[in-house]
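Novice: Here you go, this is query23.txt (compact mmCIF, C-alpha atoms and all ligand atoms).
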```txt
# COMPACT_ATOMS: atom_id res chain seq x y z
CA MET A 178 12.95 13.92 9.04
CA ILE A 179 10.85 12.26 6.33
CA ARG A 180 12.63 12.41 2.96
CA PHE A 181 10.48 12.72 -0.15
CA GLY A 182 11.34 12.51 -3.83
CA LEU A 183 8.93 14.18 -6.27
CA ILE A 184 8.31 12.73 -9.74
CA GLY A 185 6.70 14.94 -12.42
CA CYS A 186 7.45 18.66 -12.06
CA GLY A 187 4.47 20.11 -13.99
CA ARG A 188 1.50 22.24 -12.98
CA ILE A 189 0.30 20.47 -9.84
CA SER A 190 3.80 19.78 -8.47
CA GLU A 191 3.89 23.37 -7.17
CA SER A 192 1.17 22.53 -4.61
CA HIS A 193 3.23 19.54 -3.38
CA PHE A 194 6.50 21.50 -3.13
CA LYS A 195 4.76 24.28 -1.21
CA ALA A 196 2.90 21.93 1.12
CA VAL A 197 6.00 20.00 2.18
CA ALA A 198 8.08 23.20 2.51
CA ASN A 199 5.74 24.17 5.37
CA ILE A 200 6.13 20.92 7.34
CA LYS A 201 9.12 20.84 9.64
CA GLU A 202 9.34 17.03 9.90
CA ALA A 203 9.54 16.60 6.11
CA GLN A 204 11.76 17.57 3.22
CA ILE A 205 11.80 16.99 -0.54
CA THR A 206 15.38 16.03 -1.20
CA CYS A 207 15.20 15.33 -4.94
CA CYS A 208 12.90 15.74 -7.92
CA CYS A 209 12.56 14.21 -11.35
CA ASP A 210 11.04 15.11 -14.70
CA ILE A 211 11.73 13.72 -18.16
CA ILE A 212 12.02 17.40 -19.17
CA LYS A 213 15.22 18.34 -17.35
CA GLU A 214 14.60 22.11 -17.38
CA ARG A 215 11.31 21.64 -15.52
CA ALA A 216 12.96 19.66 -12.74
CA GLU A 217 15.81 22.19 -12.57
CA GLU A 218 13.40 25.11 -12.44
CA LYS A 219 11.48 23.63 -9.51
CA ALA A 220 14.71 22.58 -7.80
CA ALA A 221 15.97 26.16 -7.97
CA GLU A 222 12.67 27.61 -6.73
CA PHE A 223 12.24 25.21 -3.81
CA GLU A 224 15.91 24.58 -2.94
CA ILE A 225 15.88 20.90 -3.88
CA LYS A 226 19.34 19.36 -3.81
CA LYS A 227 19.26 16.77 -6.58
CA VAL A 228 17.58 16.57 -10.00
CA TYR A 229 16.89 13.49 -12.15
CA THR A 230 15.33 12.76 -15.54
CA ASP A 231 14.83 9.03 -14.87
CA HIS A 232 12.74 8.07 -11.83
CA LYS A 233 14.32 4.61 -11.64
CA LYS A 234 17.77 6.16 -11.31
CA MET A 235 16.44 8.46 -8.61
CA LEU A 236 14.98 5.48 -6.70
CA GLU A 237 18.32 3.62 -7.06
CA GLN A 238 20.58 6.45 -5.99
CA GLU A 239 18.66 8.37 -3.35
CA SER A 240 17.94 7.47 0.22
CA LEU A 241 14.20 8.20 0.55
CA ASP A 242 11.19 7.38 2.71
CA ALA A 243 8.45 8.23 0.19
CA VAL A 244 7.78 9.48 -3.31
CA MET A 245 5.07 11.75 -4.61
CA ILE A 246 3.86 11.08 -8.15
CA CYS A 247 2.66 14.08 -10.17
CA THR A 248 3.08 12.64 -13.67
CA PRO A 249 0.30 12.02 -16.21
CA SER A 250 -2.35 9.86 -14.53
CA GLY A 251 -1.83 6.71 -16.62
CA LEU A 252 1.77 6.54 -15.37
CA HIS A 253 0.91 6.66 -11.65
CA PRO A 254 0.58 2.86 -11.16
CA LYS A 255 3.80 1.86 -12.91
CA ILE A 256 5.91 4.48 -11.15
CA GLY A 257 4.14 3.74 -7.86
CA ILE A 258 4.95 0.03 -8.18
CA ASP A 259 8.63 0.85 -8.86
CA ALA A 260 8.67 2.92 -5.65
CA ALA A 261 6.79 0.33 -3.56
CA GLU A 262 9.29 -2.34 -4.66
CA LYS A 263 12.01 -0.13 -3.17
CA LYS A 264 9.98 -0.12 0.09
CA LEU A 265 9.01 3.53 -0.26
CA HIS A 266 5.62 4.96 0.70
CA VAL A 267 3.69 6.22 -2.32
CA ILE A 268 1.69 9.43 -2.61
CA THR A 269 -0.07 9.63 -5.94
CA GLU A 270 -2.01 12.46 -7.46
CA LYS A 271 -5.60 11.73 -8.43
CA PRO A 272 -6.77 9.69 -10.23
CA MET A 273 -4.55 6.88 -8.94
CA ALA A 274 -4.80 5.18 -12.36
CA THR A 275 -6.96 5.41 -15.47
CA ASP A 276 -8.17 1.80 -15.21
CA LEU A 277 -9.06 -0.49 -12.33
CA GLU A 278 -6.64 -3.30 -13.20
CA ALA A 279 -3.64 -0.98 -12.92
CA ALA A 280 -5.06 0.53 -9.70
CA ASP A 281 -5.34 -2.99 -8.22
CA GLU A 282 -1.75 -3.81 -9.19
CA LEU A 283 -0.56 -0.66 -7.40
CA ILE A 284 -2.61 -1.48 -4.27
CA SER A 285 -1.23 -5.05 -4.24
CA ALA A 286 2.36 -3.88 -4.69
CA CYS A 287 2.00 -1.48 -1.74
CA ASP A 288 0.38 -4.19 0.40
CA LYS A 289 3.07 -6.72 -0.51
CA ASN A 290 5.87 -4.32 0.32
CA LYS A 291 4.13 -3.06 3.47
CA VAL A 292 4.19 0.58 2.46
CA HIS A 293 1.40 3.16 2.62
CA LEU A 294 -0.41 4.26 -0.52
CA PHE A 295 -1.96 7.75 -0.36
CA VAL A 296 -4.23 9.11 -3.10
CA VAL A 297 -4.46 12.90 -3.04
CA LYS A 298 -8.08 14.00 -2.50
CA GLN A 299 -7.40 17.42 -1.08
CA ASN A 300 -10.92 18.74 -1.73
CA ARG A 301 -12.21 16.71 1.21
CA LEU A 302 -10.10 18.93 3.45
CA ASN A 303 -11.57 22.25 2.29
CA THR A 304 -13.16 24.08 5.20
CA THR A 305 -16.53 24.13 3.42
CA MET A 306 -16.45 20.37 2.77
CA GLN A 307 -15.38 19.58 6.33
CA LEU A 308 -18.36 21.55 7.63
CA LEU A 309 -20.76 19.78 5.27
CA LYS A 310 -19.36 16.36 6.15
CA ARG A 311 -19.84 17.12 9.85
CA ALA A 312 -23.46 18.10 9.25
CA ILE A 313 -24.06 14.77 7.48
CA ASP A 314 -22.27 12.76 10.17
CA LYS A 315 -24.36 14.48 12.85
CA GLY A 316 -27.51 13.42 10.96
CA ARG A 317 -28.65 17.04 10.50
CA PHE A 318 -30.21 16.39 7.06
CA GLY A 319 -32.41 13.55 8.27
CA LYS A 320 -32.99 11.42 5.23
CA ILE A 321 -31.00 12.61 2.21
CA TYR A 322 -33.17 12.65 -0.91
CA MET A 323 -31.07 14.22 -3.58
CA VAL A 324 -27.54 15.40 -4.32
CA GLN A 325 -26.40 17.40 -7.30
CA SER A 326 -22.94 18.40 -8.43
CA ASN A 327 -22.00 20.75 -11.27
CA VAL A 328 -18.51 21.21 -12.66
CA PHE A 329 -18.88 23.98 -15.23
CA TRP A 330 -15.34 24.87 -16.13
CA GLN A 331 -13.43 26.08 -19.16
CA ARG A 332 -10.45 24.23 -20.60
CA PRO A 333 -9.56 25.73 -24.00
CA GLN A 334 -7.99 23.70 -26.78
CA SER A 335 -4.63 25.30 -25.87
CA TYR A 336 -4.80 23.52 -22.47
CA PHE A 337 -5.04 20.15 -24.22
CA ASP A 338 -2.37 21.10 -26.76
CA GLN A 339 0.13 21.83 -23.94
CA ALA A 340 0.90 18.14 -23.45
CA LYS A 341 0.27 15.03 -25.53
CA TRP A 342 -1.13 13.02 -22.62
CA ARG A 343 -4.08 15.33 -22.02
CA GLY A 344 -7.41 14.10 -23.33
CA THR A 345 -6.14 10.57 -24.11
CA TRP A 346 -7.83 7.46 -22.74
CA GLU A 347 -4.58 5.81 -21.72
CA PHE A 348 -2.95 8.64 -19.78
CA ASP A 349 -5.69 11.06 -18.76
CA GLY A 350 -9.35 10.13 -19.29
CA GLY A 351 -11.91 12.84 -19.90
CA ALA A 352 -13.75 15.50 -17.94
CA PHE A 353 -15.12 12.94 -15.44
CA MET A 354 -11.74 11.27 -14.86
CA ASN A 355 -9.68 14.42 -14.64
CA GLN A 356 -11.60 17.62 -13.81
CA ALA A 357 -14.66 16.11 -12.07
CA SER A 358 -12.91 13.28 -10.25
CA HIS A 359 -12.81 15.20 -6.95
CA TYR A 360 -16.56 15.79 -7.26
CA VAL A 361 -17.30 12.11 -7.88
CA ASP A 362 -15.11 11.31 -4.88
CA SER A 363 -16.93 13.92 -2.78
CA LEU A 364 -20.38 12.52 -3.57
CA HIS A 365 -19.24 9.05 -2.59
CA TRP A 366 -17.51 10.33 0.55
CA LEU A 367 -20.53 12.39 1.62
CA ILE A 368 -23.47 10.20 0.64
CA GLY A 369 -22.07 6.64 0.62
CA PRO A 370 -21.78 3.67 -1.72
CA VAL A 371 -23.36 3.86 -5.18
CA ASP A 372 -25.67 1.09 -6.34
CA HIS A 373 -25.77 1.93 -10.04
CA VAL A 374 -25.13 4.70 -12.57
CA MET A 375 -26.45 5.87 -15.93
CA ALA A 376 -24.56 8.36 -18.06
CA GLU A 377 -24.23 10.28 -21.30
CA THR A 378 -20.93 11.77 -22.45
CA ALA A 379 -19.86 13.65 -25.57
CA THR A 380 -16.83 15.24 -27.18
CA MET A 381 -18.54 18.38 -28.44
CA GLU A 382 -15.75 20.86 -29.17
CA ARG A 383 -12.28 19.89 -28.04
CA LYS A 384 -10.07 17.84 -30.33
CA ILE A 385 -9.43 15.04 -27.84
CA GLU A 386 -10.14 11.29 -27.59
CA THR A 387 -12.15 11.59 -24.38
CA GLU A 388 -15.30 13.54 -23.35
CA ASP A 389 -15.39 17.30 -22.79
CA THR A 390 -18.99 17.15 -21.48
CA GLY A 391 -21.20 14.65 -19.68
CA SER A 392 -23.97 13.95 -17.20
CA ALA A 393 -24.43 10.99 -14.90
CA ILE A 394 -27.23 9.84 -12.64
CA MET A 395 -26.25 7.85 -9.56
CA LYS A 396 -28.55 5.82 -7.37
CA PHE A 397 -27.00 5.49 -3.91
CA ARG A 398 -27.52 2.39 -1.79
CA ASN A 399 -29.19 4.51 0.92
CA GLY A 400 -31.85 5.48 -1.63
CA ALA A 401 -30.62 9.00 -2.49
CA ILE A 402 -30.52 10.04 -6.14
CA GLY A 403 -27.53 11.99 -7.39
CA THR A 404 -26.65 13.79 -10.59
CA ILE A 405 -23.32 15.10 -11.72
CA ASN A 406 -22.84 17.38 -14.71
CA VAL A 407 -19.46 18.30 -16.10
CA THR A 408 -18.37 20.42 -19.02
CA LEU A 409 -15.06 21.97 -19.97
CA LEU A 410 -16.84 24.36 -22.35
CA ALA A 411 -18.26 26.92 -19.89
CA TYR A 412 -18.22 30.35 -21.52
CA PRO A 413 -16.04 32.36 -21.03
CA LYS A 414 -14.21 30.91 -18.00
CA ASN A 415 -14.62 28.59 -14.97
CA TYR A 416 -18.11 29.33 -13.72
CA GLU A 417 -19.18 26.83 -11.06
CA GLY A 418 -17.94 23.87 -9.03
CA SER A 419 -20.82 22.98 -6.71
CA ILE A 420 -22.46 20.34 -4.56
CA THR A 421 -26.07 20.68 -3.40
CA ILE A 422 -27.65 18.33 -0.87
CA LEU A 423 -31.39 18.21 -0.31
CA GLY A 424 -32.56 16.34 2.77
CA GLU A 425 -35.61 15.91 4.95
CA LYS A 426 -34.45 18.56 7.46
CA GLY A 427 -31.79 20.53 5.62
CA THR A 428 -30.63 22.09 2.35
CA VAL A 429 -27.03 23.03 1.62
CA LYS A 430 -25.27 24.28 -1.47
CA LEU A 431 -21.49 24.61 -1.66
CA GLY A 432 -20.73 26.67 -4.73
CA GLY A 433 -18.32 29.26 -6.06
CA ILE A 434 -15.90 28.08 -8.74
CA ALA A 435 -14.72 25.13 -6.66
CA ILE A 436 -17.00 24.51 -3.64
CA ASN A 437 -15.27 27.41 -1.88
CA LYS A 438 -18.44 29.28 -0.97
CA ILE A 439 -21.44 28.19 1.10
CA GLU A 440 -24.36 29.57 -0.91
CA LYS A 441 -27.15 27.93 1.06
CA TRP A 442 -27.06 26.53 4.60
CA GLU A 443 -30.41 25.88 6.19
CA PHE A 444 -31.36 23.26 8.78
CA ASP A 445 -34.41 22.57 10.86
CA GLU A 446 -32.41 22.57 14.09
CA TYR A 447 -29.66 24.94 15.25
CA ASP A 448 -26.11 23.68 15.76
CA ASP A 449 -23.04 25.67 16.88
CA ASP A 450 -21.46 24.86 13.49
CA ASP A 451 -23.95 27.30 11.92
CA ARG A 452 -21.94 30.17 13.36
CA THR A 453 -18.84 29.15 11.36
CA VAL A 454 -20.51 29.16 7.93
CA THR A 455 -19.30 32.63 6.87
CA GLU A 456 -15.73 32.09 8.00
CA SER A 457 -15.58 28.75 6.13
CA ASN A 458 -15.83 30.55 2.78
CA TYR A 459 -12.49 31.21 1.13
CA GLN A 460 -11.05 32.57 -2.09
CA PRO A 461 -8.92 29.87 -3.75
CA PRO A 462 -5.91 30.84 -5.90
CA ASN A 463 -7.09 28.22 -8.44
CA VAL A 464 -9.57 25.34 -8.57
CA TYR A 465 -7.09 23.09 -6.70
CA GLY A 466 -7.72 25.04 -3.45
CA PHE A 467 -5.55 24.88 -0.32
CA GLY A 468 -6.02 21.21 0.61
CA HIS A 469 -2.56 19.87 -0.27
CA GLN A 470 -1.08 21.35 2.91
CA PRO A 471 -3.41 19.57 5.38
CA TYR A 472 -3.21 16.47 3.18
CA TYR A 473 0.57 16.29 3.67
CA ILE A 474 0.25 16.84 7.40
CA ASN A 475 -1.75 13.59 7.47
CA VAL A 476 0.79 11.86 5.17
CA VAL A 477 3.69 12.81 7.44
CA ASN A 478 1.80 11.92 10.64
CA THR A 479 0.83 8.55 9.15
CA ILE A 480 4.41 7.75 8.11
CA LEU A 481 5.55 8.73 11.62
CA GLY A 482 2.95 6.31 13.02
CA HIS A 483 0.74 8.97 14.65
CA ALA A 484 -2.27 8.81 12.27
CA GLU A 485 -4.21 6.75 9.75
CA PRO A 486 -4.24 7.77 6.04
CA GLU A 487 -6.98 10.25 5.05
CA THR A 488 -7.35 8.54 1.67
CA ASP A 489 -5.54 5.29 1.05
CA GLY A 490 -5.41 3.22 -2.13
CA ARG A 491 -8.67 1.35 -1.47
CA ASP A 492 -10.49 4.60 -0.78
CA GLY A 493 -8.99 6.24 -3.87
CA ARG A 494 -10.11 3.27 -5.96
CA LYS A 495 -13.80 3.82 -5.14
CA SER A 496 -14.25 7.01 -7.17
CA LEU A 497 -12.20 5.46 -9.99
CA GLU A 498 -14.66 2.55 -10.06
CA ILE A 499 -17.65 4.94 -10.24
CA ILE A 500 -16.00 6.85 -13.09
CA ARG A 501 -15.27 3.61 -14.98
CA ALA A 502 -18.95 2.68 -14.49
CA ILE A 503 -19.99 6.09 -15.86
CA TYR A 504 -17.84 5.49 -18.95
CA LEU A 505 -19.22 2.00 -19.44
CA SER A 506 -22.80 3.26 -19.13
CA ALA A 507 -22.18 6.06 -21.65
CA LYS A 508 -20.53 3.62 -24.07
CA GLU A 509 -23.13 0.87 -23.84
CA GLY A 510 -26.21 3.02 -23.22
CA ARG A 511 -27.35 1.06 -20.18
CA LYS A 512 -27.55 1.14 -16.40
CA ILE A 513 -24.32 -0.15 -14.78
CA ALA A 514 -24.40 -1.80 -11.35
CA LEU A 515 -21.57 -1.50 -8.85
CA PRO A 516 -19.25 -3.05 -7.91
CA LEU A 517 -17.91 -3.64 -11.42
CA LYS A 518 -17.06 -7.25 -12.17
N1 LIG B 1 -5.26 17.21 -6.98
C1 LIG B 1 -5.61 18.05 -7.93
O1 LIG B 1 -6.49 18.90 -7.73
C2 LIG B 1 -4.93 18.01 -9.25
C3 LIG B 1 -4.90 19.14 -10.05
C4 LIG B 1 -4.22 19.09 -11.28
C5 LIG B 1 -3.65 17.90 -11.69
N2 LIG B 1 -3.74 16.80 -10.91
C6 LIG B 1 -3.17 15.51 -11.35
O2 LIG B 1 -1.74 15.64 -11.35
C7 LIG B 1 -1.18 14.90 -12.42
C8 LIG B 1 -0.31 15.83 -13.26
O3 LIG B 1 -1.09 16.88 -13.80
P1 LIG B 1 -0.41 18.26 -14.25
O4 LIG B 1 -1.53 19.16 -14.62
O5 LIG B 1 0.58 18.72 -13.25
O6 LIG B 1 0.33 17.77 -15.59
P2 LIG B 1 1.61 18.39 -16.32
O7 LIG B 1 1.62 17.87 -17.72
O8 LIG B 1 1.66 19.86 -16.08
O9 LIG B 1 2.82 17.74 -15.50
C9 LIG B 1 3.19 16.39 -15.61
C10 LIG B 1 4.72 16.35 -15.60
O10 LIG B 1 5.14 14.99 -15.57
C11 LIG B 1 6.30 14.89 -16.39
N3 LIG B 1 6.49 13.48 -16.74
C12 LIG B 1 5.85 12.75 -17.70
N4 LIG B 1 6.30 11.47 -17.70
C13 LIG B 1 7.23 11.39 -16.72
C14 LIG B 1 8.05 10.34 -16.23
N5 LIG B 1 7.98 9.11 -16.74
N6 LIG B 1 8.91 10.62 -15.24
C15 LIG B 1 8.99 11.87 -14.71
N7 LIG B 1 8.24 12.91 -15.12
C16 LIG B 1 7.37 12.67 -16.12
C17 LIG B 1 6.00 15.80 -17.56
O11 LIG B 1 7.17 16.16 -18.27
C18 LIG B 1 5.34 16.99 -16.85
O12 LIG B 1 6.28 17.97 -16.47
C19 LIG B 1 -2.35 14.28 -13.17
O13 LIG B 1 -2.55 12.97 -12.72
C20 LIG B 1 -3.54 15.15 -12.78
O14 LIG B 1 -4.78 14.47 -12.81
C21 LIG B 1 -4.35 16.84 -9.70
```
Any chance you could put this one into structure tokens?

Specialist:
Amino acid sequence: MIRFGLIGCGRISESHFKAVANIKEAQITCCCDIIKERAEEKAAEFEIKKVYTDHKKMLEQESLDAVMICTPSGLHPKIGIDAAEKKLHVITEKPMATDLEAADELISACDKNKVHLFVVKQNRLNTTMQLLKRAIDKGRFGKIYMVQSNVFWQRPQSYFDQAKWRGTWEFDGGAFMNQASHYVDSLHWLIGPVDHVMAETATMERKIETEDTGSAIMKFRNGAIGTINVTLLAYPKNYEGSITILGEKGTVKLGGIAINKIEKWEFDEYDDDDRTVTESNYQPPNVYGFGHQPYYINVVNTILGHAEPETDGRDGRKSLEIIRAIYLSAKEGRKIALPLK
């Protein structure tokens, strides 16, 4: 039995509690939140034995194999390093950090202590995304010319006012770092390494430090051109989370509110996968989708030595680097080459 401790019992923690509850080889034995009532509430709901308000005390007192970190993003590296130093595997929510230096320190600490570092990128495991990835891997598009991603969502001011960390540079980042980070990761995962980016960002309406709206152009090393547009101001509610790929021999659009619907699927040549397009569509309960469950199956199998991590620290770092390049380009008004120095 793999024993997990969960740190940060806010909105996304629910997906982690539910995912592990469905895996028979794993159990969350304790949870922690600086707001005691939150930890107690989740403990009662998911039958967790022990509750803490200080993660260091939890790491001292509990006998664990791994921790999952669901705190504000800027705290992921520090808490992850504390866990790695106790020889515990680390599962961190995305983004793994808000800056590259802290991400590198977390990767090094996990390497040094010989523990796995998993960065949650559950969108890759959506049925629609898996089908698209397979089509790319089979070469069905021929040459890929263009990729476009839109994240047109609504996050009212009340969302940012819920917690002080939201919309800050240190702990959250903006629409690219938080809401669109899965989409940046997906473009990299699907199309490949990025050569350079150019971007514009703006804080148009929300009273936050970071951007609520932005667009970036990405030139991929394989020659494809990509654009990604994100806004948290879509009227009146979440409207679209999409990825469109235009290739020599195929056109695909995954759309819906969070790439949950295949809106266009057309290829020059038939493949048996074409028959599964309709059944790949799904109705997500929220924009997070259903991917945490399969993500944890990989986590548990990796810890048991039966699998390799779906997304490890180095993989998780790649989208963070692209997002940092987007921010640098928007700030300095110039093209930014990758890798960042
Ligand atoms: N994978 C996804 O699709 C997805 C979706 C939403 C959020 N997230 C990520 O999950 C993280 C949390 O987001 P959220 O929306 O659940 O935030 P939230 O504010 O609802 O929850 C964060 C919780 O962490 C607690 N916390 C803060 N500092 C702590 C500390 N030092 N020790 C223990 N607990 C502490 C807070 O009290 C709060 O309950 C963020 O990094 C976010 O980017 C990922």

Novice: Sort by chain and increasing residue number a table of all residues of chain A within 8 Å of ligand LIG 1 (chain B), each with its closest pair of atoms and their distance in Å to one decimal, counting all atoms listed in the file, and write it as a Markdown table.

Specialist:
```
| residue | atom | partner | partner_atom | distance |
| --- | --- | --- | --- | --- |
| A:Ile184 | CA | B:LIG1 | C15 | 5.1 |
| A:Gly185 | CA | B:LIG1 | O10 | 3.5 |
| A:Cys186 | CA | B:LIG1 | O12 | 4.6 |
| A:Gly187 | CA | B:LIG1 | O9 | 3.3 |
| A:Arg188 | CA | B:LIG1 | O5 | 3.6 |
| A:Ile189 | CA | B:LIG1 | O5 | 3.8 |
| A:Ser190 | CA | B:LIG1 | O5 | 5.9 |
| A:Cys209 | CA | B:LIG1 | C15 | 5.4 |
| A:Asp210 | CA | B:LIG1 | N7 | 3.6 |
| A:Ile211 | CA | B:LIG1 | N7 | 4.7 |
| A:Ile212 | CA | B:LIG1 | O11 | 5.1 |
| A:Arg215 | CA | B:LIG1 | O12 | 6.3 |
| A:Ala216 | CA | B:LIG1 | O12 | 7.8 |
| A:Thr230 | CA | B:LIG1 | C15 | 6.5 |
| A:Asp231 | CA | B:LIG1 | N6 | 6.1 |
| A:His232 | CA | B:LIG1 | N6 | 5.7 |
| A:Ile246 | CA | B:LIG1 | C7 | 7.6 |
| A:Cys247 | CA | B:LIG1 | C7 | 4.5 |
| A:Thr248 | CA | B:LIG1 | O10 | 3.7 |
| A:Pro249 | CA | B:LIG1 | O13 | 4.6 |
| A:Ser250 | CA | B:LIG1 | O13 | 3.6 |
| A:Gly251 | CA | B:LIG1 | O13 | 7.4 |
| A:Leu252 | CA | B:LIG1 | N5 | 6.9 |
| A:His253 | CA | B:LIG1 | O13 | 7.3 |
| A:Ile256 | CA | B:LIG1 | N5 | 7.5 |
| A:Thr269 | CA | B:LIG1 | O13 | 8.0 |
| A:Glu270 | CA | B:LIG1 | O2 | 5.0 |
| A:Lys271 | CA | B:LIG1 | O14 | 5.2 |
| A:Pro272 | CA | B:LIG1 | O14 | 5.8 |
| A:Met273 | CA | B:LIG1 | O13 | 7.4 |
| A:Val297 | CA | B:LIG1 | N1 | 5.9 |
| A:Lys298 | CA | B:LIG1 | N1 | 6.2 |
| A:Gln299 | CA | B:LIG1 | N1 | 6.3 |
| A:Asn300 | CA | B:LIG1 | O1 | 7.5 |
| A:Gln339 | CA | B:LIG1 | O7 | 7.5 |
| A:Ala340 | CA | B:LIG1 | O7 | 5.8 |
| A:Trp342 | CA | B:LIG1 | O7 | 7.4 |
| A:Arg343 | CA | B:LIG1 | O7 | 7.6 |
| A:Asp349 | CA | B:LIG1 | O14 | 6.9 |
| A:Met354 | CA | B:LIG1 | O14 | 7.9 |
| A:Asn355 | CA | B:LIG1 | O14 | 5.2 |
| A:Gln356 | CA | B:LIG1 | O14 | 7.6 |
| A:His359 | CA | B:LIG1 | O1 | 7.4 |
| A:Val464 | CA | B:LIG1 | O1 | 7.2 |
| A:Tyr465 | CA | B:LIG1 | O1 | 4.4 |
| A:Gly466 | CA | B:LIG1 | O1 | 7.6 |
| A:His469 | CA | B:LIG1 | N1 | 7.7 |
```

Novice: So which one's closest to Asp259 in chain A, A:Asp362, A:Glu224, A:Glu191, A:Glu282? Using only C-alpha atoms, please.

Specialist: A:Glu282

Novice: So what do you get for CA of Ile258 in chain A versus CA of Leu517 in chain A, distance-wise?

Specialist: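 Separation between CA of Ile258 in chain A and CA of Leu517 in chain A: 23.4 Å.
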
Novice: Rank A:Glu202, A:Ala274, A:Asn475, A:Pro370 by their smallest atom-to-atom distance to Ser358 in chain A, using all atoms listed in the file, and report the top residue only.

Specialist: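 Of all the options, A:Ala274 lies closest to Ser358 in chain A.
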
Novice: List as a list in words the residues having at least one atom at most 9 Å from position (14.6, 13.4, 2.4) as given in the file, counting all atoms listed in the file.

Specialist: Met178, Ile179, Arg180, Phe181, Gly182, Ala203, Gln204, Ile205, Thr206, Cys207, Glu239, Ser240, Leu241, Asp242 and Ala243 of chain A

Novice: Which is closest to His373 in chain A among A:Ala401, A:Thr390, A:Pro254, A:Glu222, if we use all atoms listed in the file?

Specialist: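 Once distances to His373 in chain A are computed over all atoms listed in the file, the minimum belongs to A:Ala401.
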
Novice: Between CA of Gly433 in chain A and CA of Asp314 in chain A, what is the distance, to one decimal in Å?

Specialist: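 Computed distance, CA of Gly433 in chain A to CA of Asp314 in chain A, equals 23.5 Å.
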
Novice: What does the structure give for the distance between CA of Ile474 in chain A and CA of Ala196 in chain A, in Å to one decimal?

Specialist: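 CA of Ala196 in chain A lies at a distance of 8.5 Å from CA of Ile474 in chain A.
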
Novice: Would you pick out the contacts of range 445-454 of chain A at 8 Å or less, using all atoms listed in the file, so that residues sharing its chain but fewer than 3 positions from it are not included, and give the list as a list in words?

Specialist: Thr305, Leu308, Arg317, Lys426, Gly427, Ile439, Trp442, Ser457 and Asn458 of chain A

Novice: At most 9 Å from (-22.9, 5.5, -11.3), file frame, only C-alpha atoms: which residues, as a ChimeraX atom specification?

Specialist: /A:371-376,393-397,403,498-503,506,512-515

Novice: Find the residue from A:Cys287, A:Leu183, A:Leu505, A:Ala279 that sits nearest to Leu236 in chain A; use all atoms listed in the file when measuring.

Specialist: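 Nearest candidate to Leu236 in chain A out of A:Cys287, A:Leu183, A:Leu505, A:Ala279: A:Leu183.
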
Novice: Ranking A:His483, A:Lys233, A:Arg383, A:Arg511 by minimum distance to Gly257 in chain A and counting all atoms listed in the file, which one comes first?

Specialist: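 Smallest distance to Gly257 in chain A is found for A:Lys233.
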
Novice: If we count only C-alpha atoms and set the cut-off at 9 Å, which residues sit around range 407-422 of chain A, ignoring sequence neighbours fewer than 2 positions away in its own chain? Please answer as a ChimeraX atom specification.

Specialist: /A:318,321-333,352-353,356-357,360,363-364,381-383,388-393,405,424,427-438,441,464

Novice: Using the selection just defined, write its residues with C-alpha atoms as a tab-separated table (two decimals), in the coordinates of the input.

Specialist:
```
chain	number	residue	atom	x	y	z
A	318	PHE	CA	-30.21	16.39	7.06
A	321	ILE	CA	-31.00	12.61	2.21
A	322	TYR	CA	-33.17	12.65	-0.91
A	323	MET	CA	-31.07	14.22	-3.58
A	324	VAL	CA	-27.54	15.40	-4.32
A	325	GLN	CA	-26.40	17.40	-7.30
A	326	SER	CA	-22.94	18.40	-8.43
A	327	ASN	CA	-22.00	20.75	-11.27
A	328	VAL	CA	-18.51	21.21	-12.66
A	329	PHE	CA	-18.88	23.98	-15.23
A	330	TRP	CA	-15.34	24.87	-16.13
A	331	GLN	CA	-13.43	26.08	-19.16
A	332	ARG	CA	-10.45	24.23	-20.60
A	333	PRO	CA	-9.56	25.73	-24.00
A	352	ALA	CA	-13.75	15.50	-17.94
A	353	PHE	CA	-15.12	12.94	-15.44
A	356	GLN	CA	-11.60	17.62	-13.81
A	357	ALA	CA	-14.66	16.11	-12.07
A	360	TYR	CA	-16.56	15.79	-7.26
A	363	SER	CA	-16.93	13.92	-2.78
A	364	LEU	CA	-20.38	12.52	-3.57
A	381	MET	CA	-18.54	18.38	-28.44
A	382	GLU	CA	-15.75	20.86	-29.17
A	383	ARG	CA	-12.28	19.89	-28.04
A	388	GLU	CA	-15.30	13.54	-23.35
A	389	ASP	CA	-15.39	17.30	-22.79
A	390	THR	CA	-18.99	17.15	-21.48
A	391	GLY	CA	-21.20	14.65	-19.68
A	392	SER	CA	-23.97	13.95	-17.20
A	393	ALA	CA	-24.43	10.99	-14.90
A	405	ILE	CA	-23.32	15.10	-11.72
A	424	GLY	CA	-32.56	16.34	2.77
A	427	GLY	CA	-31.79	20.53	5.62
A	428	THR	CA	-30.63	22.09	2.35
A	429	VAL	CA	-27.03	23.03	1.62
A	430	LYS	CA	-25.27	24.28	-1.47
A	431	LEU	CA	-21.49	24.61	-1.66
A	432	GLY	CA	-20.73	26.67	-4.73
A	433	GLY	CA	-18.32	29.26	-6.06
A	434	ILE	CA	-15.90	28.08	-8.74
A	435	ALA	CA	-14.72	25.13	-6.66
A	436	ILE	CA	-17.00	24.51	-3.64
A	437	ASN	CA	-15.27	27.41	-1.88
A	438	LYS	CA	-18.44	29.28	-0.97
A	441	LYS	CA	-27.15	27.93	1.06
A	464	VAL	CA	-9.57	25.34	-8.57
```

Novice: Determine, using only C-alpha atoms, which residues of range 379-446 of chain A have any atom at most 8 Å from an atom of range 344-347 of chain A, and tabulate each with its shortest atom pair and distance in Å to one decimal place, rows ordered by chain and then rising number, as CSV.

Specialist:
```
residue,atom,partner,partner_atom,distance
A:Ile385,CA,A:Gly344,CA,5.0
A:Glu386,CA,A:Thr345,CA,5.4
A:Thr387,CA,A:Gly344,CA,5.5
A:Glu388,CA,A:Gly344,CA,7.9
```
